[in-house]
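Structure record follows, encoded as structure tokens.
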Amino acid sequence: MCGIVGYVGKKQACGILIEGLKRLEYRGYDSAGICIHHEGQLRVLKRSGRISVLEEALEGAEGLDTGTLGIAHTRWATHGEPNELNAHPHIDCEGRIALVHNGIIENYATLKQFLTDKGHTFRSQTDTEVLAHLIGEFYKDGARSLEEAVRAALGEVTGTYGLAVVAGGEPDKLICARKGSPLIIGVGKDEYVIASDASAVIEHTDNVIYLNDNEMAVVTSDGMRTTTIDNVPVTKEIQQIEWSLEEIAKGGYDHYMLKEIFEQPEVVRTSLSGRINLRDLSVQLGGLGSIDRELIKIRKLVLMACGTAWHAGLVGEYLFEDLARIATEVEYASEFRYRNPIIEEGTAVIAISQSGETADTLAALREAKEKGAVTIGIVNVVGSTIARETDAGVYLHAGPEIGVASTKAFTCQLVVETLIALMLGRRRFMSQGAMEKYLRALSEIPDKIAVALEQSDAIKDLVNEYVDRDNWLFLGRGYNYPIALEGALKLKEISYIHAEGLPAAEMKHGPIALIHEGMPVVFIATRCTTYEKILGNIEEVRARKGRVIAVATEGNEDIRRYCDHVIYVPNCPAQFQPMLTVIPLQLLAYHAAVARGCNVDKPRNLAKSVTVE
Ligand code: G6P
């Protein structure tokens with residue numbers, strides 16, 4: 001997904017911008033570019049491919065290493081293919097204005113026609129270039145100041161943007177604006193670093209200002225002014241970023257994903273900490289305090305999310321119905337708002353999102369709000385849009401997740417759902433005894449995850465036997481059915497192996513036709529009410545000469561008779577098993593991707609935070 005960095009201050013901008021871009025690499029991108037203000041002119045350099053390619057090109061480029069004002073961008077193509085021309089920054093006809101932009105200008109075709117009629121010619125296929133020309137049109141002949149021109153242009157735009165603009169005639173001014181795409185201003189001493197993501201700012205300062213939708217900032221090295229897009233002054237508070245650079249770095253692991261997989265005992269402990277009270281057998285979630293009265297009245301829950309977070313939602317459906325006895329539905333956020341959904345009184349909507357910026361989830365949330373639902377966020381990134389737009393919420397406290405494939409955020413999403421379900425359940429019908437049993441078992445989960453992680457090397461050896469197979473099946477039932485889906489998604493995402501996840505009983509209704517000699521089939525076959533039935537499904541695969549890999553409960557030696565490989569996880573109540581059974585599947589996907597030489601942290605075609613619909 002696209003990333004923005006900008007600098008205005010007293011230092012040389014170029015190095016700061018390139019470092020910032022590197023910090024944003026994890027978001028996924030296909031091209032990158034930079035613009036530096038140099039002696040009254042804007043010098044632009046863009047390259048398709050990696051930031052290292054741009055860096056190499058910078059070595060021979062003139063006028064890019066001296067300026068103290070600049071903007072830079074990593075692009076993830078939406079309008080127009082990923083190439084140098086379509087990369088940002090984009091400039092107007094005369095090269096007096098340059099801008100970088102995240103989001104989509106929906107009416108760009110109309111604006112392009114308007115500008116073409118006025119004599120503008122365009123170099124790229126992007127919607128963003130149209131905005132650069134539009135600002136240029138309003139700015140030309142000194143008709144308006146830069147900020148007035150930006151304001152006038154944004155007044156004509158339909159769509160979403162996080163953007164940063166500089167002009168050749170303004171050696172010490174950077175303008176940024178936000179509508180629907182995040183933008184953060186890092187406040188340093190005589191300098192400002194603006195970015196679409198805190199990780200590009202944190203090296204310079206942990207004092208930041210979060211722009212809200214429809215806000216704009218005019219930033220110079222000696223100060224900044226914030227207004228709405230319509231020029232109403234806005235006073236912004238400086239906030240502290242909680243994450244350190246060290247937290248963001250790889251911490252000695254080969255990949256961010258592996259580091260994040262191994263962080264799970266710790267982050268799950270953090271996510272639980274201060275929230276479980278074993279003395280009075282309660283769950284304390286401060287973020288839900290403001291909707292305390294509504295919580296008692298909830299009759300139905302709708303969970304909305306995308307990707308891995310949607311799988312967390314599926315587990316949530318079991319948790320909320322089982323532990324809280326509340327009717328629950330799970331929706332793909334991308335489908336929700338196009339269905340004209342029915343939100344009745346007593347419905348609460350829970351948006352689950354690691355980034356808190358996923359456009360589909362945000363749009364679904366807004367639709368639910370419009371229809372009168374109480375909204376709750378289960379979000380990792382503090383201060384993100386979903387976190388701010390929900391009525392109440394619970395943060396994951398999983399720390400920054402850099403690997404594109406979500407791992408630790410997923411387990412923390414399960415933790416938070418469990419906590420909410422237990423809190424609601426206890427208020428409704430759950431006995432003290434049951435609550436105590438669940439809270440004790442939940443507090444043991446971090447240590448049990450650590451035990452599950454000990455299988456990493458064994459999983460690596462196992463995977464090496466099957467790494468040439470192109471089709472895998474993942475099967476589970478009940479609480480572990482969503483984990484089968486998640487195991488298949490992880491494998492697809494990072495190793496590019498085709499994999500399907502299914503409820504185990506569904507196999508006989510079609511997918512069994514796929515089973516052939518040597519095909520790897522992963523069963524989640526932990527001790528639970530459907531264990532015997534799963535054994536039946538395992539037999540069906542064996543009869544067709546498929547290879548069976550089972551994730552089973554520690555101590556179950558008997559299952560070895562039915563399987564080619566067994567990976568053990570510690571025992572725990574069925575409700576909490578997903579937090580353990582997902583661990584070997586994350587490791588399986590990781591080792592498969594490494595064995596196949598894939599770029600684990602930046603899988604092809606994927607983005608960490610998908611801020612377009
Ligand atoms: C993208 C990522 C997935 C993630 C999904 C939802 O597709 O590649 O890993 O699960 O977005 O992201 P969110 O930030 O809303 O959890």
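Each chain in the structure tokens gets a letter, A, B and so on, in the order shown; residues start at 1 in every chain, and ligands are counted from 1 in the order they appear.
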
For ligand 1, return the neighbouring residues as a CSV table (one decimal) with C-alpha atoms, in the first residue's frame (distance at most 7 Å; only C-alpha atoms and all ligand atoms).
```csv
chain,number,residue,atom,x,y,z
A,305,ALA,CA,-13.4,-7.6,9.1
A,306,CYS,CA,-11.2,-8.6,6.1
A,307,GLY,CA,-8.6,-11.3,5.5
A,308,THR,CA,-7.0,-12.7,8.6
A,309,ALA,CA,-9.0,-10.4,10.9
A,352,ILE,CA,-11.8,-6.1,13.7
A,353,SER,CA,-8.6,-4.7,12.1
A,354,GLN,CA,-4.9,-4.8,12.8
A,355,SER,CA,-4.1,-1.6,11.0
A,356,GLY,CA,-7.4,0.2,11.8
A,357,GLU,CA,-7.2,1.7,8.3
A,358,THR,CA,-8.6,-1.1,6.0
A,361,THR,CA,-13.7,-2.3,7.1
A,404,VAL,CA,2.5,-8.5,5.7
A,405,ALA,CA,1.0,-11.8,6.7
A,406,SER,CA,-0.7,-11.2,10.0
A,606,LEU,CA,0.0,-8.2,-1.2
A,607,ALA,CA,-0.1,-5.1,1.0
A,608,LYS,CA,-0.1,-4.8,4.8
A,609,SER,CA,-2.7,-2.2,5.0
A,610,VAL,CA,-5.2,-2.0,2.2
```

Exercise. For range 544-559 of chain A, list every protein, DNA or RNA residue within 8 Å, evaluated using only C-alpha atoms, and leave out those in the same chain fewer than 2 positions away; present the list as a VMD selection string.
Key: chain A and resid 515 to 527 538 540 to 542 561 to 571 581 584

If you keep N, CA, C and O atoms, can you produce a file of those selected residues as a compact mmCIF listing (two decimals), in the first residue's frame?
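Generated file (part.txt):
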```
# COMPACT_ATOMS: atom_id res chain seq x y z
N ILE A 515 -8.37 -35.28 -3.51
CA ILE A 515 -7.37 -36.08 -2.78
C ILE A 515 -6.76 -37.13 -3.71
O ILE A 515 -7.48 -37.87 -4.38
N HIS A 516 -5.45 -37.15 -3.74
CA HIS A 516 -4.76 -38.15 -4.55
C HIS A 516 -3.47 -38.51 -3.83
O HIS A 516 -3.13 -37.90 -2.80
N GLU A 517 -2.77 -39.46 -4.35
CA GLU A 517 -1.59 -39.98 -3.67
C GLU A 517 -0.59 -38.86 -3.38
O GLU A 517 -0.20 -38.11 -4.28
N GLY A 518 -0.22 -38.76 -2.13
CA GLY A 518 0.84 -37.82 -1.75
C GLY A 518 0.37 -36.40 -1.45
O GLY A 518 1.16 -35.56 -1.05
N MET A 519 -0.93 -36.14 -1.63
CA MET A 519 -1.40 -34.77 -1.37
C MET A 519 -1.42 -34.49 0.14
O MET A 519 -2.02 -35.24 0.91
N PRO A 520 -0.75 -33.41 0.58
CA PRO A 520 -0.75 -33.12 2.02
C PRO A 520 -2.09 -32.55 2.50
O PRO A 520 -2.62 -31.60 1.91
N VAL A 521 -2.62 -33.17 3.55
CA VAL A 521 -3.88 -32.69 4.15
C VAL A 521 -3.61 -32.47 5.64
O VAL A 521 -3.19 -33.38 6.34
N VAL A 522 -3.84 -31.23 6.07
CA VAL A 522 -3.59 -30.89 7.47
C VAL A 522 -4.91 -30.94 8.23
O VAL A 522 -5.87 -30.27 7.84
N PHE A 523 -4.95 -31.74 9.28
CA PHE A 523 -6.15 -31.82 10.13
C PHE A 523 -5.86 -31.17 11.47
O PHE A 523 -4.82 -31.45 12.08
N ILE A 524 -6.78 -30.36 11.93
CA ILE A 524 -6.67 -29.91 13.31
C ILE A 524 -7.54 -30.87 14.10
O ILE A 524 -8.77 -30.86 13.98
N ALA A 525 -6.86 -31.75 14.83
CA ALA A 525 -7.56 -32.89 15.46
C ALA A 525 -7.30 -32.90 16.95
O ALA A 525 -6.88 -33.89 17.52
N THR A 526 -7.54 -31.77 17.58
CA THR A 526 -7.34 -31.67 19.02
C THR A 526 -8.52 -32.32 19.74
O THR A 526 -9.57 -32.56 19.15
N ARG A 527 -8.34 -32.58 21.04
CA ARG A 527 -9.41 -33.20 21.83
C ARG A 527 -10.58 -32.22 21.94
O ARG A 527 -10.43 -31.11 22.45
N ILE A 538 -10.07 -38.31 8.66
CA ILE A 538 -8.66 -38.67 8.42
C ILE A 538 -8.60 -39.99 7.65
O ILE A 538 -7.85 -40.14 6.67
N GLU A 540 -10.76 -41.17 5.66
CA GLU A 540 -11.19 -40.95 4.27
C GLU A 540 -10.01 -40.48 3.40
O GLU A 540 -9.88 -40.85 2.25
N VAL A 541 -9.17 -39.63 3.99
CA VAL A 541 -8.00 -39.13 3.24
C VAL A 541 -6.97 -40.24 3.05
O VAL A 541 -6.42 -40.43 1.97
N ARG A 542 -6.76 -41.01 4.14
CA ARG A 542 -5.78 -42.11 4.08
C ARG A 542 -6.18 -43.13 3.01
O ARG A 542 -5.34 -43.65 2.29
N ARG A 561 -1.33 -43.47 15.00
CA ARG A 561 -1.71 -44.63 14.17
C ARG A 561 -2.40 -44.19 12.88
O ARG A 561 -2.44 -44.91 11.90
N TYR A 562 -3.03 -43.03 12.93
CA TYR A 562 -3.85 -42.61 11.80
C TYR A 562 -3.12 -41.62 10.87
O TYR A 562 -3.62 -41.30 9.81
N CYS A 563 -1.98 -41.11 11.32
CA CYS A 563 -1.40 -39.96 10.61
C CYS A 563 0.05 -40.21 10.18
O CYS A 563 0.74 -41.02 10.78
N ASP A 564 0.48 -39.47 9.19
CA ASP A 564 1.89 -39.54 8.79
C ASP A 564 2.75 -38.66 9.69
O ASP A 564 3.91 -38.95 9.91
N HIS A 565 2.18 -37.57 10.15
CA HIS A 565 2.93 -36.64 11.02
C HIS A 565 1.98 -36.09 12.07
O HIS A 565 0.82 -35.81 11.75
N VAL A 566 2.49 -35.90 13.26
CA VAL A 566 1.66 -35.27 14.31
C VAL A 566 2.44 -34.09 14.90
O VAL A 566 3.63 -34.21 15.21
N ILE A 567 1.76 -32.96 15.02
CA ILE A 567 2.34 -31.80 15.71
C ILE A 567 1.48 -31.58 16.95
O ILE A 567 0.26 -31.41 16.83
N TYR A 568 2.12 -31.58 18.11
CA TYR A 568 1.34 -31.46 19.35
C TYR A 568 1.24 -30.02 19.84
O TYR A 568 2.18 -29.23 19.70
N VAL A 569 0.07 -29.73 20.41
CA VAL A 569 -0.10 -28.45 21.13
C VAL A 569 -0.65 -28.79 22.52
O VAL A 569 -1.33 -29.81 22.67
N PRO A 570 -0.38 -27.95 23.52
CA PRO A 570 -0.89 -28.24 24.86
C PRO A 570 -2.42 -28.27 24.91
O PRO A 570 -3.09 -27.67 24.06
N ASN A 571 -2.92 -28.94 25.93
CA ASN A 571 -4.37 -29.02 26.10
C ASN A 571 -4.91 -27.72 26.70
O ASN A 571 -4.21 -27.04 27.45
N THR A 581 -3.68 -23.73 18.25
CA THR A 581 -3.61 -24.52 17.01
C THR A 581 -3.13 -23.69 15.82
O THR A 581 -2.59 -24.23 14.86
N PRO A 584 1.27 -23.75 15.03
CA PRO A 584 1.98 -24.61 14.07
C PRO A 584 1.65 -24.28 12.61
O PRO A 584 2.50 -24.47 11.74
```

Quiz item: Which of these, A:Glu106, A:Glu203, A:Glu81, A:Glu539, has the shortest distance to Glu19 in chain A once you count only C-alpha atoms?
Solution: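 Using only C-alpha atoms, Glu19 in chain A sits closest to A:Glu203.
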
Exercise. Determine the nearest neighbour of Ala312 in chain A from the options A:Glu242, A:Glu436, A:Glu331, A:Asp447, counting only C-alpha atoms.
Key: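 Checking each of A:Glu242, A:Glu436, A:Glu331, A:Asp447 against Ala312 in chain A, counting only C-alpha atoms, the winner is A:Glu331.
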
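The nearest approach to Leu17 in chain A among the residues A:Ala198, A:Ala87, A:Ile36, A:Ala153, with only C-alpha atoms taken into account, belongs to A:Ile36.
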
Quiz item: What lies within 9 Å of Cys412 in chain A using only C-alpha atoms, ignoring chain neighbours under 2 positions off, as a list in words?
Solution: Gln264, Val267, Val268, Ser271, Leu272, Asn380, Leu396, His397, Ala398, Thr407, Lys408, Ala409, Phe410, Leu414, Val415, Val416, Glu417 and Met579 of chain A

Exercise. Fewer than 5 positions away in the same chain doesn't count, so skip those; otherwise give me all residues within 9 Å of Glu367 in chain A, counting only C-alpha atoms, as a ChimeraX atom specification.
Key: /A:336-337,340-341,362,372

Quiz item: Between A:Leu587, A:Ile276, A:Ile261, A:Leu64, which is the closest to Asp457 in chain A once you count only C-alpha atoms?
Solution: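 Comparing A:Leu587, A:Ile276, A:Ile261, A:Leu64 against Asp457 in chain A, the winner is A:Leu587.
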
Quiz item: Skipping near chain neighbours, those fewer than 2 positions away, what residues fall within 7 Å of range 461-465 of chain A using only C-alpha atoms, listed as a PyMOL selection string?
Solution: chain A and resi 457-459+467+588+591-592+595

Quiz prompt | Residue with smallest distance to Gly223 in chain A - pool A:Val8, A:Ile184, A:Val374, A:Leu419, counting only C-alpha atoms | solution =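 Among the listed residues, A:Val8 lies closest to Gly223 in chain A.
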
Self-check item: Nearest residue to Leu131 in chain A from the set A:Asp92, A:Glu335, A:Asp190, A:Asp292 (distances using only C-alpha atoms)
Solution: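 Closest residue, counting only C-alpha atoms: A:Asp92.
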
Exercise. Among the residues of range 405-478 of chain A, find those DSSP assigns to alpha helix (DSSP H) from the backbone and print them as a ChimeraX atom specification.
Key: /A:408-428,432-443,445-453,456-466

Practice problem: List the neighbours of Ser31 in chain A out to 8 Å using only C-alpha atoms; skip same-chain residues closer than 4 positions along the sequence, and give me the result as an NGL selection string. | Solution: :A and (46-51 or 74-76 or 82-84 or 87)

Exercise. Determine, counting only C-alpha atoms, which protein, DNA and RNA residues have an atom within 9 Å of an atom of Ser334 in chain A; residues of the same chain fewer than 4 positions away are not included. Present the result as a list in words.
Key: Met304, Ala305, Cys306, Tyr338, Ala359, Asp360, Thr361, Ala363, Ala364 and Glu613 of chain A

Serialized selection, all heavy atoms, as a JSON list (two decimals), in the first residue's frame:
```
[["chain", "number", "residue", "atom", "x", "y", "z"],
["A", 304, "MET", "N", -17.26, -7.47, 11.73],
["A", 304, "MET", "CA", -16.89, -7.12, 10.36],
["A", 304, "MET", "C", -15.37, -7.01, 10.25],
["A", 304, "MET", "O", -14.74, -6.41, 11.12],
["A", 304, "MET", "CB", -17.47, -5.77, 9.98],
["A", 304, "MET", "CG", -18.95, -5.69, 10.23],
["A", 304, "MET", "SD", -19.62, -4.15, 9.69],
["A", 304, "MET", "CE", -18.57, -3.01, 10.49],
["A", 305, "ALA", "N", -14.83, -7.57, 9.19],
["A", 305, "ALA", "CA", -13.37, -7.56, 9.05],
["A", 305, "ALA", "C", -12.99, -8.05, 7.66],
["A", 305, "ALA", "O", -13.86, -8.46, 6.88],
["A", 305, "ALA", "CB", -12.74, -8.47, 10.12],
["A", 306, "CYS", "N", -11.71, -8.04, 7.37],
["A", 306, "CYS", "CA", -11.19, -8.57, 6.10],
["A", 306, "CYS", "C", -10.01, -9.49, 6.40],
["A", 306, "CYS", "O", -9.30, -9.31, 7.39],
["A", 306, "CYS", "CB", -10.65, -7.45, 5.21],
["A", 306, "CYS", "SG", -11.82, -6.15, 4.87],
["A", 338, "TYR", "N", -22.87, -3.18, 0.82],
["A", 338, "TYR", "CA", -23.57, -3.25, -0.47],
["A", 338, "TYR", "C", -24.82, -4.12, -0.39],
["A", 338, "TYR", "O", -25.49, -4.34, -1.38],
["A", 338, "TYR", "CB", -22.61, -3.75, -1.55],
["A", 338, "TYR", "CG", -21.51, -2.74, -1.79],
["A", 338, "TYR", "CD1", -20.24, -2.94, -1.32],
["A", 338, "TYR", "CD2", -21.81, -1.53, -2.43],
["A", 338, "TYR", "CE1", -19.25, -1.99, -1.50],
["A", 338, "TYR", "CE2", -20.83, -0.57, -2.62],
["A", 338, "TYR", "CZ", -19.55, -0.80, -2.15],
["A", 338, "TYR", "OH", -18.59, 0.16, -2.32],
["A", 359, "ALA", "N", -9.77, 0.01, 4.24],
["A", 359, "ALA", "CA", -10.85, 0.83, 3.67],
["A", 359, "ALA", "C", -12.20, 0.10, 3.72],
["A", 359, "ALA", "O", -13.23, 0.71, 4.04],
["A", 359, "ALA", "CB", -10.50, 1.23, 2.25],
["A", 360, "ASP", "N", -12.20, -1.19, 3.39],
["A", 360, "ASP", "CA", -13.48, -1.93, 3.37],
["A", 360, "ASP", "C", -14.09, -1.99, 4.78],
["A", 360, "ASP", "O", -15.29, -1.83, 4.96],
["A", 360, "ASP", "CB", -13.25, -3.36, 2.86],
["A", 360, "ASP", "CG", -13.06, -3.37, 1.34],
["A", 360, "ASP", "OD1", -13.70, -2.57, 0.65],
["A", 360, "ASP", "OD2", -12.27, -4.20, 0.87],
["A", 361, "THR", "N", -13.23, -2.23, 5.76],
["A", 361, "THR", "CA", -13.74, -2.34, 7.14],
["A", 361, "THR", "C", -14.26, -0.99, 7.61],
["A", 361, "THR", "O", -15.31, -0.90, 8.25],
["A", 361, "THR", "CB", -12.62, -2.87, 8.07],
["A", 361, "THR", "OG1", -12.03, -4.01, 7.45],
["A", 361, "THR", "CG2", -13.15, -3.25, 9.43],
["A", 363, "ALA", "N", -15.41, 1.44, 5.72],
["A", 363, "ALA", "CA", -16.66, 1.78, 5.01],
["A", 363, "ALA", "C", -17.84, 1.01, 5.63],
["A", 363, "ALA", "O", -18.92, 1.57, 5.83],
["A", 363, "ALA", "CB", -16.52, 1.43, 3.54],
["A", 364, "ALA", "N", -17.62, -0.26, 5.96],
["A", 364, "ALA", "CA", -18.69, -1.06, 6.57],
["A", 364, "ALA", "C", -19.07, -0.50, 7.94],
["A", 364, "ALA", "O", -20.24, -0.40, 8.30],
["A", 364, "ALA", "CB", -18.24, -2.51, 6.70],
["A", 613, "GLU", "N", -10.67, 0.57, -1.52],
["A", 613, "GLU", "CA", -11.74, -0.44, -1.51],
["A", 613, "GLU", "C", -11.52, -1.48, -2.58],
["A", 613, "GLU", "O", -11.04, -1.19, -3.64],
["A", 613, "GLU", "CB", -13.08, 0.25, -1.75],
["A", 613, "GLU", "CG", -13.67, 0.77, -0.47],
["A", 613, "GLU", "CD", -15.10, 1.17, -0.69],
["A", 613, "GLU", "OE1", -15.90, 0.32, -1.09],
["A", 613, "GLU", "OE2", -15.39, 2.34, -0.47]]
```
